[in-house]
Amino acid sequence: MARPDKSAAVAELTDKFRSSNAAVLTEYRGLTVAQLKELRRSLGENAQYAVVKNTLTKIAANEAGINTLDDQFTGPTAVAFITGDPVESAKGLRDFAKDNPNLIIKGGVLDGKALTADEIKKLADLESREVLLAKLAGAMKGKQSQAAALFQALPSKFVRTAEALRAKVEQGGAGTPAPVEAEAAAE
């Protein structure tokens, strides 16, 4: 029979897995309490970093429908539960791991898809969601401006050509077609 405190811990972890957009498993062996505090700050507001027991976390992950992390629950494990932009937290983990080689990124899960440590590092190389949306909006605005300029250029070019032709006819330039009225009078 399971103890009530362990059941409550599993239920809490299960809820965190279900409510998170992403979860990243790390090994924190050799990090001091001050370094862990610094790591928590570097993850941003939308992430919660928790040192967990492997067996309870494995049960919680399985109850949440995440079966791809089972082999990563070895050694001292901590999980970063990310509820907001996963890129920001991945950058925080990557940068902290560069400065503190004792932090090892094991892997994780993003929207139900398993991620390796290398994929998490690639995720960290992406620009934030806001920057990508701004670039997309800029590209779309640029294409709209090009289309508007093209649509405006065709009628204005026609008007300029017609005006040049009219001016040439009025000057009686050589090789210009005779006005329609002169042809009608000749008949």
# chains A, B, ... in the order shown; residues from 1 in each chain; ligands from 1
>>> residues_around(residues="Lys91 in chain A", least_positions_apart="3", cutoff="8 Å", atoms="only C-alpha atoms", output="ChimeraX atom specification")
/A:43,87-88,94-95,121,123-125
>>> write_last_selection(atoms="N, CA, C and O atoms", output="PDB file, in the first residue's frame")
ATOM      1  N   LEU A  43      16.209  30.344 -15.653  1.00  0.00           N
ATOM      2  CA  LEU A  43      15.187  29.670 -16.460  1.00  0.00           C
ATOM      3  C   LEU A  43      14.042  30.593 -16.850  1.00  0.00           C
ATOM      4  O   LEU A  43      13.307  30.311 -17.782  1.00  0.00           O
ATOM      5  N   VAL A  87      11.702  28.046 -25.564  1.00  0.00           N
ATOM      6  CA  VAL A  87      12.981  28.516 -26.091  1.00  0.00           C
ATOM      7  C   VAL A  87      13.738  29.298 -25.026  1.00  0.00           C
ATOM      8  O   VAL A  87      14.947  29.115 -24.844  1.00  0.00           O
ATOM      9  N   GLU A  88      13.036  30.160 -24.311  1.00  0.00           N
ATOM     10  CA  GLU A  88      13.666  30.977 -23.272  1.00  0.00           C
ATOM     11  C   GLU A  88      14.295  30.095 -22.185  1.00  0.00           C
ATOM     12  O   GLU A  88      15.436  30.308 -21.785  1.00  0.00           O
ATOM     13  N   ARG A  94      20.953  25.974 -21.388  1.00  0.00           N
ATOM     14  CA  ARG A  94      22.168  25.863 -22.203  1.00  0.00           C
ATOM     15  C   ARG A  94      23.266  26.781 -21.695  1.00  0.00           C
ATOM     16  O   ARG A  94      24.414  26.368 -21.522  1.00  0.00           O
ATOM     17  N   ASP A  95      22.903  28.042 -21.441  1.00  0.00           N
ATOM     18  CA  ASP A  95      23.893  29.011 -20.979  1.00  0.00           C
ATOM     19  C   ASP A  95      24.440  28.648 -19.606  1.00  0.00           C
ATOM     20  O   ASP A  95      25.633  28.781 -19.344  1.00  0.00           O
ATOM     21  N   LYS A 121      19.305  21.598 -27.164  1.00  0.00           N
ATOM     22  CA  LYS A 121      20.296  22.627 -27.486  1.00  0.00           C
ATOM     23  C   LYS A 121      19.944  23.336 -28.792  1.00  0.00           C
ATOM     24  O   LYS A 121      20.126  24.550 -28.922  1.00  0.00           O
ATOM     25  N   LEU A 123      16.894  23.718 -29.856  1.00  0.00           N
ATOM     26  CA  LEU A 123      15.753  24.548 -29.468  1.00  0.00           C
ATOM     27  C   LEU A 123      16.238  25.856 -28.842  1.00  0.00           C
ATOM     28  O   LEU A 123      15.678  26.920 -29.082  1.00  0.00           O
ATOM     29  N   ALA A 124      17.302  25.768 -28.079  1.00  0.00           N
ATOM     30  CA  ALA A 124      17.866  26.962 -27.443  1.00  0.00           C
ATOM     31  C   ALA A 124      18.473  27.912 -28.471  1.00  0.00           C
ATOM     32  O   ALA A 124      18.556  29.117 -28.222  1.00  0.00           O
ATOM     33  N   ASP A 125      18.887  27.402 -29.614  1.00  0.00           N
ATOM     34  CA  ASP A 125      19.470  28.248 -30.653  1.00  0.00           C
ATOM     35  C   ASP A 125      18.421  29.038 -31.426  1.00  0.00           C
ATOM     36  O   ASP A 125      18.756  29.982 -32.132  1.00  0.00           O
TER      37      ASP A 125
END
>>> select_by_dssp(residues="range 18-158 of chain A", states="helix (DSSP H, G or I)", output="PyMOL selection string")
chain A and resi 18-19+33-42+54-63+70-72+86-99+117-125+129-158
>>> write_last_selection(atoms="C-alpha atoms", output="PDB file, in the first residue's frame")
ATOM      1  CA  ARG A  18       0.153  17.576 -17.724  1.00  0.00           C
ATOM      2  CA  SER A  19       0.084  21.355 -17.297  1.00  0.00           C
ATOM      3  CA  VAL A  33      22.639  25.248  -3.465  1.00  0.00           C
ATOM      4  CA  ALA A  34      23.666  28.736  -4.616  1.00  0.00           C
ATOM      5  CA  GLN A  35      24.221  27.453  -8.163  1.00  0.00           C
ATOM      6  CA  LEU A  36      20.802  25.754  -8.169  1.00  0.00           C
ATOM      7  CA  LYS A  37      19.247  29.040  -7.056  1.00  0.00           C
ATOM      8  CA  GLU A  38      21.041  30.839  -9.889  1.00  0.00           C
ATOM      9  CA  LEU A  39      19.837  28.163 -12.336  1.00  0.00           C
ATOM     10  CA  ARG A  40      16.233  28.656 -11.224  1.00  0.00           C
ATOM     11  CA  ARG A  41      16.563  32.391 -11.890  1.00  0.00           C
ATOM     12  CA  SER A  42      18.125  31.831 -15.316  1.00  0.00           C
ATOM     13  CA  ASN A  54      13.392   9.094  -9.880  1.00  0.00           C
ATOM     14  CA  THR A  55      10.860   6.373  -9.049  1.00  0.00           C
ATOM     15  CA  LEU A  56       8.086   8.822  -8.147  1.00  0.00           C
ATOM     16  CA  THR A  57       8.763  10.992 -11.190  1.00  0.00           C
ATOM     17  CA  LYS A  58       8.812   7.983 -13.490  1.00  0.00           C
ATOM     18  CA  ILE A  59       5.412   6.909 -12.153  1.00  0.00           C
ATOM     19  CA  ALA A  60       4.067  10.453 -12.525  1.00  0.00           C
ATOM     20  CA  ALA A  61       5.350  10.758 -16.095  1.00  0.00           C
ATOM     21  CA  ASN A  62       3.750   7.446 -17.036  1.00  0.00           C
ATOM     22  CA  GLU A  63       0.446   8.533 -15.457  1.00  0.00           C
ATOM     23  CA  ASP A  70      11.780   6.083 -18.613  1.00  0.00           C
ATOM     24  CA  ASP A  71      15.452   5.389 -19.389  1.00  0.00           C
ATOM     25  CA  GLN A  72      16.543   8.893 -18.310  1.00  0.00           C
ATOM     26  CA  PRO A  86      10.285  26.682 -24.102  1.00  0.00           C
ATOM     27  CA  VAL A  87      12.981  28.516 -26.091  1.00  0.00           C
ATOM     28  CA  GLU A  88      13.666  30.977 -23.272  1.00  0.00           C
ATOM     29  CA  SER A  89      14.077  28.213 -20.693  1.00  0.00           C
ATOM     30  CA  ALA A  90      16.169  26.079 -23.056  1.00  0.00           C
ATOM     31  CA  LYS A  91      18.501  29.047 -23.547  1.00  0.00           C
ATOM     32  CA  GLY A  92      18.745  29.465 -19.782  1.00  0.00           C
ATOM     33  CA  LEU A  93      19.660  25.793 -19.343  1.00  0.00           C
ATOM     34  CA  ARG A  94      22.168  25.863 -22.203  1.00  0.00           C
ATOM     35  CA  ASP A  95      23.893  29.011 -20.979  1.00  0.00           C
ATOM     36  CA  PHE A  96      24.018  27.774 -17.389  1.00  0.00           C
ATOM     37  CA  ALA A  97      25.433  24.408 -18.534  1.00  0.00           C
ATOM     38  CA  LYS A  98      28.198  26.236 -20.449  1.00  0.00           C
ATOM     39  CA  ASP A  99      29.271  28.044 -17.284  1.00  0.00           C
ATOM     40  CA  ALA A 117      19.806  16.673 -25.237  1.00  0.00           C
ATOM     41  CA  ASP A 118      21.005  17.776 -28.691  1.00  0.00           C
ATOM     42  CA  GLU A 119      17.467  18.703 -29.740  1.00  0.00           C
ATOM     43  CA  ILE A 120      17.077  20.801 -26.600  1.00  0.00           C
ATOM     44  CA  LYS A 121      20.296  22.627 -27.486  1.00  0.00           C
ATOM     45  CA  LYS A 122      18.955  23.227 -31.015  1.00  0.00           C
ATOM     46  CA  LEU A 123      15.753  24.548 -29.468  1.00  0.00           C
ATOM     47  CA  ALA A 124      17.866  26.962 -27.443  1.00  0.00           C
ATOM     48  CA  ASP A 125      19.470  28.248 -30.653  1.00  0.00           C
ATOM     49  CA  ARG A 129       8.539  33.390 -30.350  1.00  0.00           C
ATOM     50  CA  GLU A 130       8.122  37.166 -30.314  1.00  0.00           C
ATOM     51  CA  VAL A 131      11.177  37.720 -32.527  1.00  0.00           C
ATOM     52  CA  LEU A 132      10.051  35.061 -35.013  1.00  0.00           C
ATOM     53  CA  LEU A 133       6.545  36.567 -35.170  1.00  0.00           C
ATOM     54  CA  ALA A 134       8.018  40.035 -35.721  1.00  0.00           C
ATOM     55  CA  LYS A 135      10.183  38.730 -38.571  1.00  0.00           C
ATOM     56  CA  LEU A 136       7.165  37.011 -40.123  1.00  0.00           C
ATOM     57  CA  ALA A 137       5.093  40.191 -39.862  1.00  0.00           C
ATOM     58  CA  GLY A 138       7.911  42.206 -41.437  1.00  0.00           C
ATOM     59  CA  ALA A 139       8.235  39.755 -44.299  1.00  0.00           C
ATOM     60  CA  MET A 140       4.484  39.789 -44.891  1.00  0.00           C
ATOM     61  CA  LYS A 141       4.393  43.594 -44.811  1.00  0.00           C
ATOM     62  CA  GLY A 142       7.281  43.740 -47.277  1.00  0.00           C
ATOM     63  CA  LYS A 143       5.481  41.416 -49.698  1.00  0.00           C
ATOM     64  CA  GLN A 144       2.304  43.476 -49.409  1.00  0.00           C
ATOM     65  CA  SER A 145       4.264  46.658 -50.140  1.00  0.00           C
ATOM     66  CA  GLN A 146       5.816  45.024 -53.197  1.00  0.00           C
ATOM     67  CA  ALA A 147       2.403  43.905 -54.442  1.00  0.00           C
ATOM     68  CA  ALA A 148       0.911  47.374 -53.887  1.00  0.00           C
ATOM     69  CA  ALA A 149       3.804  48.979 -55.767  1.00  0.00           C
ATOM     70  CA  LEU A 150       3.335  46.532 -58.652  1.00  0.00           C
ATOM     71  CA  PHE A 151      -0.405  47.154 -58.852  1.00  0.00           C
ATOM     72  CA  GLN A 152       0.186  50.896 -58.753  1.00  0.00           C
ATOM     73  CA  ALA A 153       2.987  50.768 -61.323  1.00  0.00           C
ATOM     74  CA  LEU A 154       0.909  49.196 -64.102  1.00  0.00           C
ATOM     75  CA  PRO A 155      -1.788  51.920 -64.355  1.00  0.00           C
ATOM     76  CA  SER A 156       0.711  54.735 -63.883  1.00  0.00           C
ATOM     77  CA  LYS A 157       2.937  53.300 -66.623  1.00  0.00           C
ATOM     78  CA  PHE A 158      -0.092  53.063 -68.910  1.00  0.00           C
TER      79      PHE A 158
END
>>> atom_distance(atom1="CA of Ala78 in chain A", atom2="CA of Leu13 in chain A")
11.8 Å
>>> atom_distance(atom1="CA of Gly108 in chain A", atom2="CA of Val10 in chain A")
18.3 Å
>>> select_by_dssp(residues="range 77-127 of chain A", states="strand (DSSP E or B)", output="PyMOL selection string")
chain A and resi 77-82+104-110+113-116
>>> atom_distance(atom1="CA of Ala23 in chain A", atom2="CA of Leu103 in chain A")
15.6 Å
>>> closest_residue(among="A:Pro4, A:Pro76, A:Gly30, A:Gly112", to="Val51 in chain A", atoms="only C-alpha atoms")
A:Pro76
>>> closest_residue(among="A:Asn46, A:Asn67, A:Ser20, A:Thr26", to="Pro101 in chain A", atoms="only C-alpha atoms")
A:Thr26
>>> closest_residue(among="A:Thr161, A:Asp111, A:Leu25, A:Glu45", to="Leu69 in chain A", atoms="only C-alpha atoms")
A:Leu25
>>> decode(residues="range 8-23 of chain A", atoms="all heavy atoms", output="CSV table (one decimal), in the first residue's frame")
chain,number,residue,atom,x,y,z
A,8,ALA,N,0.7,11.8,-2.8
A,8,ALA,CA,0.5,13.2,-3.1
A,8,ALA,C,1.6,13.7,-3.9
A,8,ALA,O,1.4,14.6,-4.8
A,8,ALA,CB,0.4,13.9,-1.7
A,9,ALA,N,2.8,13.3,-3.7
A,9,ALA,CA,4.0,13.7,-4.5
A,9,ALA,C,3.8,13.3,-6.0
A,9,ALA,O,4.1,14.1,-6.9
A,9,ALA,CB,5.3,13.2,-3.9
A,10,VAL,N,3.4,12.0,-6.2
A,10,VAL,CA,3.1,11.6,-7.5
A,10,VAL,C,2.0,12.3,-8.2
A,10,VAL,O,2.1,12.7,-9.4
A,10,VAL,CB,2.8,10.0,-7.5
A,10,VAL,CG1,2.3,9.6,-8.9
A,10,VAL,CG2,4.0,9.2,-7.1
A,11,ALA,N,1.0,12.6,-7.5
A,11,ALA,CA,-0.2,13.4,-8.0
A,11,ALA,C,0.3,14.8,-8.4
A,11,ALA,O,-0.1,15.3,-9.5
A,11,ALA,CB,-1.3,13.5,-7.0
A,12,GLU,N,1.1,15.4,-7.6
A,12,GLU,CA,1.6,16.8,-7.9
A,12,GLU,C,2.5,16.8,-9.1
A,12,GLU,O,2.4,17.6,-10.0
A,12,GLU,CB,2.4,17.3,-6.7
A,12,GLU,CG,2.9,18.7,-6.9
A,12,GLU,CD,3.7,19.2,-5.7
A,12,GLU,OE1,3.7,18.6,-4.6
A,12,GLU,OE2,4.3,20.3,-5.8
A,13,LEU,N,3.4,15.8,-9.2
A,13,LEU,CA,4.3,15.7,-10.4
A,13,LEU,C,3.5,15.4,-11.6
A,13,LEU,O,3.8,15.9,-12.7
A,13,LEU,CB,5.3,14.6,-10.1
A,13,LEU,CG,6.4,15.0,-9.1
A,13,LEU,CD1,7.3,13.8,-8.8
A,13,LEU,CD2,7.3,16.1,-9.7
A,14,THR,N,2.5,14.5,-11.5
A,14,THR,CA,1.6,14.2,-12.7
A,14,THR,C,0.9,15.5,-13.2
A,14,THR,O,0.9,15.7,-14.4
A,14,THR,CB,0.6,13.1,-12.3
A,14,THR,OG1,1.2,12.0,-11.8
A,14,THR,CG2,-0.3,12.8,-13.5
A,15,ASP,N,0.4,16.3,-12.3
A,15,ASP,CA,-0.2,17.5,-12.6
A,15,ASP,C,0.7,18.5,-13.3
A,15,ASP,O,0.4,19.1,-14.3
A,15,ASP,CB,-0.9,18.2,-11.4
A,15,ASP,CG,-1.6,19.4,-11.7
A,15,ASP,OD1,-2.5,19.3,-12.7
A,15,ASP,OD2,-1.4,20.4,-11.0
A,16,LYS,N,2.0,18.5,-12.8
A,16,LYS,CA,3.0,19.4,-13.4
A,16,LYS,C,3.3,19.0,-14.9
A,16,LYS,O,3.5,19.8,-15.8
A,16,LYS,CB,4.3,19.4,-12.6
A,16,LYS,CG,4.1,20.3,-11.3
A,16,LYS,CD,5.4,20.4,-10.6
A,16,LYS,CE,5.3,21.2,-9.3
A,16,LYS,NZ,6.5,21.3,-8.5
A,17,PHE,N,3.4,17.6,-15.1
A,17,PHE,CA,3.7,17.1,-16.4
A,17,PHE,C,2.6,17.5,-17.3
A,17,PHE,O,2.8,17.8,-18.5
A,17,PHE,CB,3.9,15.6,-16.4
A,17,PHE,CG,5.3,15.2,-16.1
A,17,PHE,CD1,5.7,14.5,-15.0
A,17,PHE,CD2,6.4,15.4,-17.0
A,17,PHE,CE1,7.0,14.1,-14.7
A,17,PHE,CE2,7.7,15.1,-16.8
A,17,PHE,CZ,8.0,14.4,-15.6
A,18,ARG,N,1.3,17.3,-16.9
A,18,ARG,CA,0.2,17.6,-17.7
A,18,ARG,C,0.0,19.1,-18.0
A,18,ARG,O,-0.5,19.4,-19.1
A,18,ARG,CB,-1.1,17.0,-17.0
A,18,ARG,CG,-1.2,15.5,-17.1
A,18,ARG,CD,-2.5,15.0,-16.5
A,18,ARG,NE,-2.5,13.6,-16.6
A,18,ARG,CZ,-3.1,12.8,-15.7
A,18,ARG,NH1,-3.8,13.3,-14.7
A,18,ARG,NH2,-3.1,11.5,-15.9
A,19,SER,N,0.3,19.9,-17.1
A,19,SER,CA,0.1,21.4,-17.3
A,19,SER,C,1.3,22.1,-18.0
A,19,SER,O,1.2,23.2,-18.3
A,19,SER,CB,-0.2,22.0,-16.0
A,19,SER,OG,0.9,22.0,-15.1
A,20,SER,N,2.4,21.4,-18.2
A,20,SER,CA,3.6,22.0,-18.8
A,20,SER,C,3.6,21.8,-20.3
A,20,SER,O,3.1,20.8,-20.8
A,20,SER,CB,4.8,21.3,-18.2
A,20,SER,OG,4.9,21.6,-16.8
A,21,ASN,N,4.1,22.8,-21.0
A,21,ASN,CA,4.3,22.7,-22.4
A,21,ASN,C,5.5,21.8,-22.7
A,21,ASN,O,5.6,21.1,-23.7
A,21,ASN,CB,4.6,24.0,-23.1
A,21,ASN,CG,3.4,25.0,-23.0
A,21,ASN,OD1,2.3,24.6,-22.7
A,21,ASN,ND2,3.7,26.3,-23.1
A,22,ALA,N,6.5,21.8,-21.8
A,22,ALA,CA,7.7,21.1,-22.0
A,22,ALA,C,8.3,20.7,-20.6
A,22,ALA,O,8.0,21.4,-19.6
A,22,ALA,CB,8.7,21.9,-22.7
A,23,ALA,N,9.1,19.7,-20.6
A,23,ALA,CA,9.8,19.3,-19.3
A,23,ALA,C,11.2,18.8,-19.8
A,23,ALA,O,11.3,18.1,-20.7
A,23,ALA,CB,9.1,18.2,-18.6
